[in-house]
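File shown: data31.cif (mmCIF, C-alpha atoms and all ligand atoms).
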data_input
#
loop_
_atom_site.label_atom_id
_atom_site.label_comp_id
_atom_site.auth_asym_id
_atom_site.auth_seq_id
_atom_site.Cartn_x
_atom_site.Cartn_y
_atom_site.Cartn_z
CA MET A 1 -32.25 -30.97 -34.78
CA ALA A 2 -32.45 -28.15 -32.31
CA ALA A 3 -34.77 -25.15 -32.43
CA THR A 4 -32.64 -22.02 -32.09
CA ASN A 5 -33.60 -18.43 -31.35
CA ALA A 6 -32.27 -15.96 -33.90
CA TYR A 7 -32.77 -12.57 -35.51
CA ALA A 8 -33.37 -12.48 -39.24
CA ALA A 9 -34.02 -10.23 -42.19
CA MET A 10 -37.00 -11.52 -44.16
CA ASP A 11 -36.33 -9.30 -47.19
CA PRO A 12 -33.94 -6.45 -48.17
CA LYS A 13 -36.28 -3.65 -47.06
CA SER A 14 -37.70 -4.67 -43.66
CA PRO A 15 -35.98 -4.33 -40.27
CA LEU A 16 -34.54 -7.48 -38.71
CA GLY A 17 -36.75 -9.28 -36.19
CA PRO A 18 -37.12 -12.50 -34.15
CA PHE A 19 -36.84 -15.79 -36.05
CA THR A 20 -36.50 -19.48 -35.18
CA LEU A 21 -34.21 -21.84 -37.08
CA GLU A 22 -33.16 -25.48 -36.82
CA ARG A 23 -29.51 -26.44 -36.23
CA ARG A 24 -28.42 -29.94 -37.23
CA THR A 25 -27.60 -32.61 -34.64
CA PRO A 26 -23.77 -32.70 -34.47
CA GLY A 27 -22.25 -35.28 -36.85
CA PRO A 28 -19.01 -37.18 -36.13
CA ASN A 29 -16.78 -34.21 -37.11
CA ASP A 30 -18.98 -31.43 -35.76
CA VAL A 31 -18.63 -29.03 -32.89
CA GLN A 32 -21.79 -27.61 -31.32
CA ILE A 33 -21.25 -24.11 -29.94
CA GLU A 34 -23.40 -22.03 -27.63
CA ILE A 35 -22.90 -18.55 -29.13
CA LEU A 36 -22.05 -15.91 -26.50
CA TYR A 37 -21.13 -12.91 -28.68
CA CYS A 38 -21.41 -12.05 -32.35
CA GLY A 39 -19.83 -9.00 -33.98
CA VAL A 40 -21.70 -6.83 -36.47
CA CYS A 41 -19.81 -6.40 -39.75
CA HIS A 42 -20.67 -3.89 -42.47
CA SER A 43 -20.89 -6.92 -44.79
CA ASP A 44 -23.99 -7.91 -42.78
CA ILE A 45 -25.64 -4.65 -43.88
CA HIS A 46 -24.54 -5.03 -47.53
CA GLN A 47 -26.00 -8.55 -47.64
CA VAL A 48 -29.18 -7.89 -45.62
CA ARG A 49 -29.97 -5.03 -48.00
CA ASP A 50 -28.93 -7.15 -51.00
CA GLU A 51 -26.45 -4.47 -52.09
CA TRP A 52 -24.13 -7.06 -53.68
CA GLY A 53 -26.94 -9.11 -55.31
CA GLY A 54 -27.86 -12.77 -54.82
CA SER A 55 -28.90 -12.54 -51.15
CA ILE A 56 -30.83 -15.50 -49.72
CA PHE A 57 -33.83 -14.79 -47.43
CA PRO A 58 -34.70 -15.27 -44.64
CA MET A 59 -31.15 -14.23 -43.66
CA VAL A 60 -29.64 -14.63 -40.19
CA PRO A 61 -26.42 -12.59 -40.46
CA GLY A 62 -23.32 -12.81 -38.28
CA HIS A 63 -19.82 -14.16 -39.00
CA GLU A 64 -17.86 -12.96 -35.99
CA ILE A 65 -18.86 -15.69 -33.58
CA VAL A 66 -17.44 -16.71 -30.22
CA GLY A 67 -18.93 -19.11 -27.73
CA ARG A 68 -18.55 -22.22 -25.67
CA VAL A 69 -18.53 -25.79 -26.96
CA THR A 70 -21.54 -27.75 -25.70
CA ALA A 71 -21.07 -31.06 -27.58
CA VAL A 72 -18.67 -32.67 -30.04
CA GLY A 73 -18.93 -35.55 -32.52
CA ALA A 74 -17.14 -38.88 -31.92
CA GLN A 75 -14.24 -38.06 -34.27
CA VAL A 76 -13.54 -34.52 -33.04
CA THR A 77 -10.04 -34.21 -31.57
CA GLN A 78 -9.38 -30.46 -31.16
CA PHE A 79 -12.37 -29.47 -29.02
CA LYS A 80 -14.21 -30.73 -25.98
CA PRO A 81 -17.33 -29.47 -24.17
CA GLY A 82 -16.52 -26.36 -22.13
CA ASP A 83 -13.81 -25.04 -24.50
CA LEU A 84 -14.08 -21.58 -26.01
CA ALA A 85 -14.42 -21.59 -29.80
CA GLY A 86 -14.79 -19.18 -32.69
CA VAL A 87 -16.37 -19.25 -36.15
CA GLY A 88 -15.55 -16.74 -38.88
CA CYS A 89 -16.86 -16.03 -42.36
CA PHE A 90 -17.04 -19.55 -43.77
CA VAL A 91 -18.01 -22.99 -42.48
CA ASP A 92 -16.91 -25.26 -45.34
CA SER A 93 -15.12 -25.44 -48.70
CA CYS A 94 -14.24 -28.24 -51.16
CA ARG A 95 -11.13 -29.24 -49.10
CA THR A 96 -9.34 -30.67 -52.16
CA CYS A 97 -8.55 -27.85 -54.60
CA PRO A 98 -5.04 -26.31 -54.54
CA ASN A 99 -6.22 -23.29 -52.54
CA CYS A 100 -7.97 -25.43 -49.91
CA GLN A 101 -4.87 -27.61 -49.72
CA ALA A 102 -2.74 -24.48 -49.29
CA GLY A 103 -4.91 -23.26 -46.40
CA ILE A 104 -6.44 -20.36 -48.29
CA GLU A 105 -9.93 -21.84 -48.28
CA GLN A 106 -11.46 -18.38 -48.76
CA TYR A 107 -10.28 -18.65 -52.39
CA CYS A 108 -11.62 -22.23 -52.86
CA ASP A 109 -12.05 -23.09 -56.56
CA GLU A 110 -15.62 -24.21 -55.83
CA GLY A 111 -16.36 -21.26 -53.55
CA MET A 112 -16.29 -21.21 -49.78
CA VAL A 113 -19.56 -21.84 -47.93
CA GLY A 114 -20.41 -18.59 -46.18
CA THR A 115 -21.36 -18.84 -42.51
CA TYR A 116 -24.61 -17.18 -43.56
CA ASN A 117 -26.16 -16.26 -46.90
CA GLY A 118 -24.50 -19.41 -48.30
CA ARG A 119 -25.59 -22.96 -49.07
CA GLU A 120 -24.36 -26.18 -47.49
CA ARG A 121 -22.30 -28.16 -50.01
CA HIS A 122 -24.27 -31.38 -49.88
CA THR A 123 -27.83 -30.37 -49.04
CA GLN A 124 -27.91 -26.88 -50.60
CA ALA A 125 -29.72 -25.81 -47.42
CA PRO A 126 -29.19 -22.12 -46.60
CA THR A 127 -26.64 -21.33 -43.90
CA TYR A 128 -27.58 -19.17 -40.92
CA GLY A 129 -25.10 -17.04 -39.00
CA GLY A 130 -24.31 -15.82 -35.54
CA TYR A 131 -27.27 -13.58 -34.66
CA SER A 132 -28.49 -16.76 -32.95
CA THR A 133 -27.95 -18.76 -29.77
CA GLN A 134 -26.08 -21.76 -31.16
CA ILE A 135 -24.31 -23.13 -34.25
CA VAL A 136 -22.94 -26.48 -35.40
CA VAL A 137 -19.71 -26.42 -37.44
CA ASP A 138 -17.15 -28.96 -38.69
CA GLU A 139 -14.11 -28.80 -36.42
CA LYS A 140 -11.85 -28.04 -39.42
CA TYR A 141 -13.63 -24.70 -39.76
CA THR A 142 -13.75 -23.95 -36.02
CA LEU A 143 -11.11 -21.80 -34.30
CA ARG A 144 -9.56 -22.14 -30.86
CA VAL A 145 -10.07 -19.07 -28.65
CA SER A 146 -7.88 -18.08 -25.71
CA ASP A 147 -9.47 -17.51 -22.31
CA LYS A 148 -6.97 -14.67 -21.64
CA LEU A 149 -8.89 -11.99 -23.57
CA PRO A 150 -12.33 -10.41 -22.98
CA LEU A 151 -14.61 -12.49 -25.16
CA ALA A 152 -16.77 -9.67 -26.58
CA GLY A 153 -13.60 -8.03 -27.91
CA VAL A 154 -12.43 -11.29 -29.47
CA ALA A 155 -15.57 -11.82 -31.61
CA PRO A 156 -14.70 -9.12 -34.22
CA LEU A 157 -11.27 -10.68 -34.71
CA LEU A 158 -13.02 -13.47 -36.64
CA CYS A 159 -13.71 -11.09 -39.55
CA ALA A 160 -12.45 -7.53 -38.98
CA GLY A 161 -9.29 -8.95 -37.39
CA ILE A 162 -8.32 -11.51 -40.01
CA THR A 163 -9.39 -9.29 -42.93
CA THR A 164 -6.80 -6.70 -41.91
CA TYR A 165 -4.13 -9.00 -40.45
CA SER A 166 -3.94 -11.20 -43.57
CA PRO A 167 -3.15 -8.56 -46.22
CA LEU A 168 -0.77 -6.64 -43.93
CA ARG A 169 1.16 -9.91 -43.45
CA HIS A 170 0.87 -10.82 -47.15
CA VAL A 171 2.60 -7.62 -48.28
CA GLY A 172 5.06 -7.81 -45.38
CA VAL A 173 4.19 -4.60 -43.52
CA GLY A 174 6.79 -3.82 -40.87
CA LYS A 175 9.38 -1.37 -39.61
CA GLY A 176 10.28 1.37 -42.07
CA HIS A 177 6.92 1.27 -43.90
CA LYS A 178 4.52 4.18 -44.01
CA VAL A 179 1.00 2.74 -43.89
CA GLY A 180 -2.24 4.66 -44.37
CA VAL A 181 -5.48 3.14 -43.08
CA LEU A 182 -8.50 4.58 -44.89
CA GLY A 183 -11.77 4.55 -42.88
CA LEU A 184 -11.95 4.20 -39.12
CA GLY A 185 -14.64 1.61 -38.49
CA GLY A 186 -14.54 -2.06 -37.55
CA LEU A 187 -11.87 -3.08 -40.06
CA GLY A 188 -10.01 0.23 -39.88
CA HIS A 189 -9.45 0.18 -36.13
CA MET A 190 -8.07 -3.37 -36.28
CA ALA A 191 -5.82 -2.37 -39.20
CA VAL A 192 -4.37 0.47 -37.12
CA LYS A 193 -3.69 -1.89 -34.20
CA PHE A 194 -2.02 -4.54 -36.38
CA ALA A 195 0.03 -2.19 -38.56
CA ALA A 196 1.34 -0.38 -35.46
CA SER A 197 2.03 -3.70 -33.75
CA PHE A 198 4.03 -4.86 -36.81
CA GLY A 199 6.25 -1.76 -36.46
CA ALA A 200 4.95 0.46 -39.28
CA GLU A 201 4.43 4.23 -39.13
CA VAL A 202 0.64 4.48 -39.29
CA THR A 203 -1.53 7.35 -40.51
CA MET A 204 -5.29 7.25 -40.02
CA LEU A 205 -7.05 8.66 -43.11
CA SER A 206 -10.56 9.51 -41.93
CA SER A 207 -13.52 11.61 -42.98
CA SER A 208 -14.50 12.10 -39.31
CA PRO A 209 -12.60 14.81 -37.38
CA SER A 210 -14.18 13.51 -34.14
CA LYS A 211 -12.18 10.26 -34.41
CA GLU A 212 -8.69 11.81 -34.15
CA ALA A 213 -8.08 11.21 -30.44
CA ASP A 214 -9.30 7.62 -30.71
CA ALA A 215 -7.12 6.95 -33.75
CA ARG A 216 -4.07 7.98 -31.74
CA LYS A 217 -5.15 5.84 -28.77
CA LEU A 218 -5.49 2.86 -31.12
CA GLY A 219 -1.86 3.35 -32.16
CA ALA A 220 -1.93 5.70 -35.16
CA HIS A 221 1.09 8.01 -35.25
CA HIS A 222 -0.67 10.57 -37.44
CA PHE A 223 -4.23 11.56 -38.28
CA ALA A 224 -5.23 13.02 -41.65
CA LEU A 225 -8.65 14.44 -42.42
CA THR A 226 -9.49 13.29 -45.94
CA SER A 227 -11.77 16.29 -46.56
CA ASP A 228 -8.89 18.75 -46.01
CA PRO A 229 -7.27 19.59 -49.39
CA ALA A 230 -4.07 20.95 -47.82
CA THR A 231 -3.46 17.75 -45.85
CA MET A 232 -4.16 15.60 -48.87
CA LYS A 233 -1.75 17.66 -50.97
CA GLN A 234 0.94 17.30 -48.35
CA LEU A 235 0.53 13.50 -48.35
CA ARG A 236 0.98 13.04 -52.13
CA ASN A 237 3.45 10.23 -52.96
CA HIS A 238 3.82 9.48 -49.24
CA PHE A 239 2.66 5.94 -48.36
CA ASP A 240 4.11 2.51 -49.10
CA PHE A 241 0.70 0.95 -48.45
CA ILE A 242 -2.86 2.15 -48.02
CA LEU A 243 -5.39 -0.31 -46.59
CA ASN A 244 -8.74 0.83 -47.94
CA THR A 245 -11.64 -0.22 -45.67
CA VAL A 246 -14.30 2.20 -46.87
CA SER A 247 -17.77 0.68 -47.26
CA ALA A 248 -19.41 3.39 -49.37
CA PRO A 249 -18.65 4.53 -52.93
CA HIS A 250 -15.62 6.86 -53.01
CA ASP A 251 -12.94 8.09 -55.36
CA TYR A 252 -9.97 5.69 -55.56
CA SER A 253 -7.95 8.24 -57.50
CA THR A 254 -7.68 10.60 -54.51
CA TYR A 255 -5.99 7.89 -52.44
CA LEU A 256 -3.87 6.29 -55.19
CA ASN A 257 -2.16 9.65 -55.48
CA LEU A 258 -1.02 9.37 -51.86
CA LEU A 259 1.10 6.29 -52.75
CA ARG A 260 4.81 6.68 -53.39
CA THR A 261 6.69 4.90 -56.21
CA ASN A 262 5.84 1.16 -56.18
CA GLY A 263 3.19 1.80 -53.53
CA THR A 264 0.18 -0.49 -53.14
CA MET A 265 -3.43 0.17 -52.26
CA ILE A 266 -4.95 -2.91 -50.63
CA VAL A 267 -8.71 -2.92 -51.14
CA VAL A 268 -10.76 -4.71 -48.50
CA GLY A 269 -13.85 -2.47 -48.37
CA VAL A 270 -16.57 -3.52 -50.82
CA PRO A 271 -18.79 -0.58 -51.82
CA PRO A 272 -21.89 -1.68 -53.73
CA SER A 273 -20.85 0.16 -56.92
CA PRO A 274 -17.52 0.15 -58.81
CA SER A 275 -14.93 2.93 -58.57
CA ALA A 276 -13.03 4.29 -61.56
CA VAL A 277 -9.27 3.70 -61.62
CA PRO A 278 -7.53 6.22 -63.90
CA ALA A 279 -4.59 4.53 -65.67
CA PHE A 280 -2.43 7.61 -65.07
CA ASP A 281 -2.66 7.18 -61.29
CA LEU A 282 -1.13 3.71 -61.67
CA ILE A 283 1.52 4.29 -64.35
CA MET A 284 2.97 7.52 -63.00
CA GLN A 285 4.55 5.92 -59.93
CA ARG A 286 4.22 2.24 -60.89
CA ARG A 287 1.50 1.90 -58.28
CA SER A 288 -0.61 -1.23 -57.71
CA ILE A 289 -4.05 -2.05 -56.43
CA ILE A 290 -4.65 -5.45 -54.89
CA GLY A 291 -7.66 -6.91 -53.13
CA SER A 292 -7.88 -9.31 -50.22
CA LEU A 293 -10.66 -11.51 -48.85
CA ILE A 294 -10.67 -12.38 -45.11
CA GLY A 295 -8.08 -15.15 -44.47
CA GLY A 296 -7.77 -18.94 -44.32
CA ILE A 297 -8.37 -21.08 -41.24
CA ARG A 298 -4.66 -21.57 -40.51
CA GLU A 299 -3.92 -17.85 -40.68
CA THR A 300 -7.04 -16.99 -38.68
CA GLN A 301 -5.76 -19.25 -35.89
CA GLU A 302 -2.31 -17.61 -36.18
CA MET A 303 -3.98 -14.18 -35.86
CA LEU A 304 -6.03 -15.23 -32.81
CA ASP A 305 -2.89 -16.60 -31.16
CA TYR A 306 -0.99 -13.39 -32.04
CA CYS A 307 -3.76 -11.32 -30.44
CA ALA A 308 -3.71 -13.44 -27.27
CA GLU A 309 0.06 -13.06 -27.05
CA HIS A 310 0.03 -9.29 -27.71
CA ASN A 311 -3.18 -8.50 -25.85
CA ILE A 312 -5.00 -7.21 -28.93
CA VAL A 313 -8.81 -7.07 -29.02
CA SER A 314 -11.44 -5.03 -30.79
CA GLU A 315 -12.93 -1.91 -29.17
CA VAL A 316 -16.58 -2.82 -28.82
CA GLU A 317 -19.99 -1.46 -28.00
CA VAL A 318 -22.00 -4.42 -26.72
CA ILE A 319 -25.70 -4.34 -27.62
CA PRO A 320 -28.75 -6.55 -27.15
CA VAL A 321 -29.92 -7.96 -30.49
CA GLN A 322 -33.06 -5.84 -30.21
CA GLN A 323 -30.89 -2.78 -31.02
CA ILE A 324 -29.51 -4.22 -34.27
CA ASN A 325 -31.53 -2.06 -36.66
CA GLU A 326 -30.41 1.11 -34.88
CA ALA A 327 -26.80 -0.15 -34.90
CA TYR A 328 -26.97 -0.60 -38.70
CA GLU A 329 -28.18 3.01 -39.10
CA ARG A 330 -25.33 4.27 -36.93
CA MET A 331 -22.74 2.25 -38.91
CA ILE A 332 -23.97 3.66 -42.19
CA LYS A 333 -23.40 7.14 -40.75
CA GLY A 334 -19.85 6.16 -39.72
CA ASP A 335 -20.96 6.40 -36.08
CA VAL A 336 -19.38 3.22 -34.73
CA ARG A 337 -16.68 3.03 -32.02
CA TYR A 338 -15.51 0.71 -33.28
CA ARG A 339 -17.51 -2.50 -33.50
CA PHE A 340 -21.01 -3.36 -32.36
CA VAL A 341 -21.13 -6.79 -30.74
CA ILE A 342 -24.36 -8.60 -29.93
CA ASP A 343 -24.62 -10.19 -26.49
CA THR A 344 -26.70 -13.25 -27.37
CA ALA A 345 -28.04 -13.43 -23.82
CA SER A 346 -30.61 -11.02 -25.29
CA LEU A 347 -31.86 -13.88 -27.51
CA ARG A 348 -32.29 -16.23 -24.56
CA SER A 349 -34.46 -14.06 -22.30
P1 LIG B 1 -17.68 0.13 -40.79
O1 LIG B 1 -17.37 -0.31 -39.42
O2 LIG B 1 -19.03 0.65 -41.10
O3 LIG B 1 -16.55 1.21 -41.19
C1 LIG B 1 -16.48 1.79 -42.46
C2 LIG B 1 -15.80 3.16 -42.34
O4 LIG B 1 -15.62 3.69 -43.65
C3 LIG B 1 -16.60 4.22 -41.62
O5 LIG B 1 -16.52 4.16 -40.21
C4 LIG B 1 -16.01 5.51 -42.17
O6 LIG B 1 -14.79 5.83 -41.50
C5 LIG B 1 -15.68 5.12 -43.59
N1 LIG B 1 -16.73 5.58 -44.51
C6 LIG B 1 -18.02 5.20 -44.54
N2 LIG B 1 -18.67 5.84 -45.51
C7 LIG B 1 -17.78 6.62 -46.11
C8 LIG B 1 -17.84 7.53 -47.20
N3 LIG B 1 -18.99 7.75 -47.86
N4 LIG B 1 -16.72 8.15 -47.56
C9 LIG B 1 -15.57 7.94 -46.89
N5 LIG B 1 -15.47 7.11 -45.84
C10 LIG B 1 -16.55 6.48 -45.46
O7 LIG B 1 -17.44 -1.07 -41.83
P2 LIG B 1 -16.51 -2.37 -41.68
O8 LIG B 1 -17.28 -3.43 -40.99
O9 LIG B 1 -15.18 -1.96 -41.20
O10 LIG B 1 -16.42 -2.83 -43.21
C11 LIG B 1 -15.80 -1.99 -44.17
C12 LIG B 1 -15.97 -2.58 -45.56
O11 LIG B 1 -15.17 -3.77 -45.65
C13 LIG B 1 -17.39 -3.01 -45.92
O12 LIG B 1 -17.63 -2.69 -47.29
C14 LIG B 1 -17.37 -4.52 -45.72
O13 LIG B 1 -18.32 -5.18 -46.51
C15 LIG B 1 -15.97 -4.83 -46.18
N6 LIG B 1 -15.43 -6.11 -45.69
C16 LIG B 1 -14.59 -6.78 -46.53
C17 LIG B 1 -13.99 -7.94 -46.12
C18 LIG B 1 -13.02 -8.65 -47.01
O14 LIG B 1 -12.76 -9.84 -46.81
N7 LIG B 1 -12.42 -7.98 -47.96
C19 LIG B 1 -14.26 -8.45 -44.85
C20 LIG B 1 -15.10 -7.72 -44.01
C21 LIG B 1 -15.68 -6.55 -44.44
P3 LIG B 1 -14.35 7.36 -41.23
O15 LIG B 1 -15.43 7.93 -40.35
O16 LIG B 1 -13.05 7.22 -40.54
O17 LIG B 1 -14.23 8.03 -42.56
ZN ZN B 2 -17.26 -9.42 -42.02
ZN ZN B 3 -11.43 -25.79 -52.45
#

For the file at hand, write its structure as structure tokens.
Ligand code: NAP
Ligand code: ZN
Ligand code: ZN
Amino acid sequence: MAATNAYAAMDPKSPLGPFTLERRTPGPNDVQIEILYCGVCHSDIHQVRDEWGGSIFPMVPGHEIVGRVTAVGAQVTQFKPGDLAGVGCFVDSCRTCPNCQAGIEQYCDEGMVGTYNGRERHTQAPTYGGYSTQIVVDEKYTLRVSDKLPLAGVAPLLCAGITTYSPLRHVGVGKGHKVGVLGLGGLGHMAVKFAASFGAEVTMLSSSPSKEADARKLGAHHFALTSDPATMKQLRNHFDFILNTVSAPHDYSTYLNLLRTNGTMIVVGVPPSPSAVPAFDLIMQRRSIIGSLIGGIRETQEMLDYCAEHNIVSEVEVIPVQQINEAYERMIKGDVRYRFVIDTASLRS
């Protein structure tokens, strides 16, 4: 066991603060990782504040982890000390159900084990995430990370990256498609980069006029202000796909109406309360809504390799962990450009 510095939420109402946890001694299949950077996902806020229900406290959030391997178990073959490694949203699953066998462990029949706010399969011990200095993970749930990219910008790929890459690939986004990305935050900015990289014509649908120039720099061909009725009217029946990343309650109907015949809204944002879906908005143009949860280990590795090859990283604002509560407040206001990433050196000093 190793005592590990961390930052935790003790309950849904208090600010996060210093905390010490124990990491297990690496077993035969484990990789021990010194965490260097951890991205800050809006899901961290939803769970810290128990907005989805069932949160486990104390909670050490963080599922966008990159670092350096410090030790490996005797049976580990893919990693050695000194390698870069990544950990995303889950650290285990049943490994035997059809979905685990198919490499879509995030849809495990028995439920994936979240990197934090989850419970270990055998001991039921709570899992603790990446707002900490080290983590021990089975190599099957550990990702290889290229040394070609700036590491702080790689961390958010482990959630924001795969959560947008996976559904865009699943529906086959490419040349000739008109794609709308709703919400320019951590997920949204990665969605713009990937959809543009896959050859689609990308429109940023944002409630923040101040983000227009950035949206274009990220690769969006068009920018539409969602609060402008004339723009929204002009975009009716326009998109093949809309990737909806919004974290707060909003009206699905407004955006369903922007889909053309057979168009699909892909929901990845998880507001704490449900949104109404009027049947008319679906039947009139045979529109669909689908949802998507992160991505499996195999596809996450494919995405990391794609990013290394195409020089894709997240745009980050690196912060010491001591600024985490302020960062949460800024994210809730939509004031993030475009991912906060914790430099865990701030937990060592
Ligand atoms: P984020 O960085 O905070 O970005 C969310 C963006 O949504 C904001 O920047 C803002 O963009 C827009 N927004 C916020 N409040 C809004 C409102 N009231 N009305 C309209 N737009 C609003 O969040 P994130 O980390 O990208 O996460 C987004 C959501 O995805 C969260 O709910 C998170 O839990 C969820 N998530 C899901 C998965 C999955 O597997 N499906 C994985 C990770 C995260 P504009 O300023 O451009 O409007
Ligand atoms: Zn996340
Ligand atoms: Zn399974």

- Message: For segment 158-173 of chain A, find every residue with an atom within 6 Å (counting all atoms listed in the file), except residues of its own chain fewer than 4 positions away, and show them as a list in words.
- Response: Glu64, Gly88, Leu187, Met190, Ala191, Ile294, Gly295 and Thr300 of chain A

Selected residues, C-alpha atoms, written as a tab-separated table (two decimals), in the frame of the given file, please.
chain	number	residue	atom	x	y	z
A	64	GLU	CA	-17.86	-12.96	-35.99
A	88	GLY	CA	-15.55	-16.74	-38.88
A	187	LEU	CA	-11.87	-3.08	-40.06
A	190	MET	CA	-8.07	-3.37	-36.28
A	191	ALA	CA	-5.82	-2.37	-39.20
A	294	ILE	CA	-10.67	-12.38	-45.11
A	295	GLY	CA	-8.08	-15.15	-44.47
A	300	THR	CA	-7.04	-16.99	-38.68

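Atom to atom, atom CA of Arg287 of chain A and atom CA of Asn262 of chain A stand 4.9 Å apart.
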
- Task: All residues within 12 Å of ligand ZN 3 (chain B) are required, counting all atoms listed in the file; please report them as number ranges by chain.
- Result: A: 92-113, 121, 296

- Have a look at A:Gly263, A:Pro156, A:Gly176, A:Gly27 and name the one nearest to ligand LIG 1 (chain B); count all atoms listed in the file.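 So, comparing all the options, the nearest one is A:Pro156.
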
- Using all atoms listed in the file, what are the residues with an atom within 7 Å of ligand LIG 1 (chain B), set out as a PyMOL selection string? chain A and resi 41-43+46+159-160+163+182-188+205-208+211+245-250+268-271+292-294+331-336+338-339

- Quick one, how far is atom CA of Ala308 of chain A from atom CA of Gly219 of chain A?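 Interatomic distance, atom CA of Ala308 of chain A to atom CA of Gly219 of chain A: 17.6 Å.
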
- Item | Option closest in space to Ile312 of chain A, from A:His189, A:Lys178, A:Lys233, A:Val341 [counting only C-alpha atoms] | A:His189

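When atom CA of Pro15 of chain A is paired with atom CA of Ser349 of chain A, their separation reads 20.5 Å.
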
- Option closest in space to Thr344 of chain A, from A:Leu84, A:Leu304, A:Ala155, A:Ala220 [counting all atoms listed in the file]: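 For Thr344 of chain A, the nearest of the given residues is A:Ala155.
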
- Message: Can you pull out the residues contacting segment 131-139 of chain A? Cut-off 6 Å, using only C-alpha atoms, and skip same-chain residues under 3 positions away; I want them as an NGL selection string.
- Response: :A and (5-7 or 29-35 or 61-62 or 142)

- Message: From the options A:Phe90, A:Phe239, A:Tyr37, A:Phe19, which residue's atoms come nearest to ligand ZN 2 (chain B), counting all atoms listed in the file?
- Response: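 For ligand ZN 2 (chain B), the nearest of the candidates is A:Phe90.
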
- Item | Residues near Pro209 of chain A, cut-off 9 Å, all atoms listed in the file, skip fewer than 3 positions along chain, as JSON, numbers by chain | {"A": [206, 212, 224, 225]}

- Could you pull the residues within 9 Å of Leu36 of chain A, counting only C-alpha atoms, minus those fewer than 6 positions along the same chain, as a PyMOL selection string? chain A and resi 65-68+133-134+151-152+342-345

- Item | Within 12 Å of Phe280 of chain A using only C-alpha atoms, minus same-chain residues under 4 positions, as a VMD selection string | chain A and resid 253 256 to 257 276 284 to 288

- For Val72 of chain A, which residue among A:Val60, A:Ile290, A:Ala85, A:Met204 is the nearest when counting only C-alpha atoms?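 Using only C-alpha atoms, Val72 of chain A sits closest to A:Ala85.
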
Hey, can I get the axis-aligned box for segment 84-93 of chain A? All listed atoms, 4 Å padding on each side, centre and edge lengths in Å to one decimal, as JSON.
{"center_x": -16.0, "center_y": -20.7, "center_z": -37.4, "size_x": 11.9, "size_y": 17.4, "size_z": 30.7}

- Closest to Ala9 of chain A among A:Ile319, A:Leu218, A:Ile324, A:Val76, using all atoms listed in the file? A:Ile324
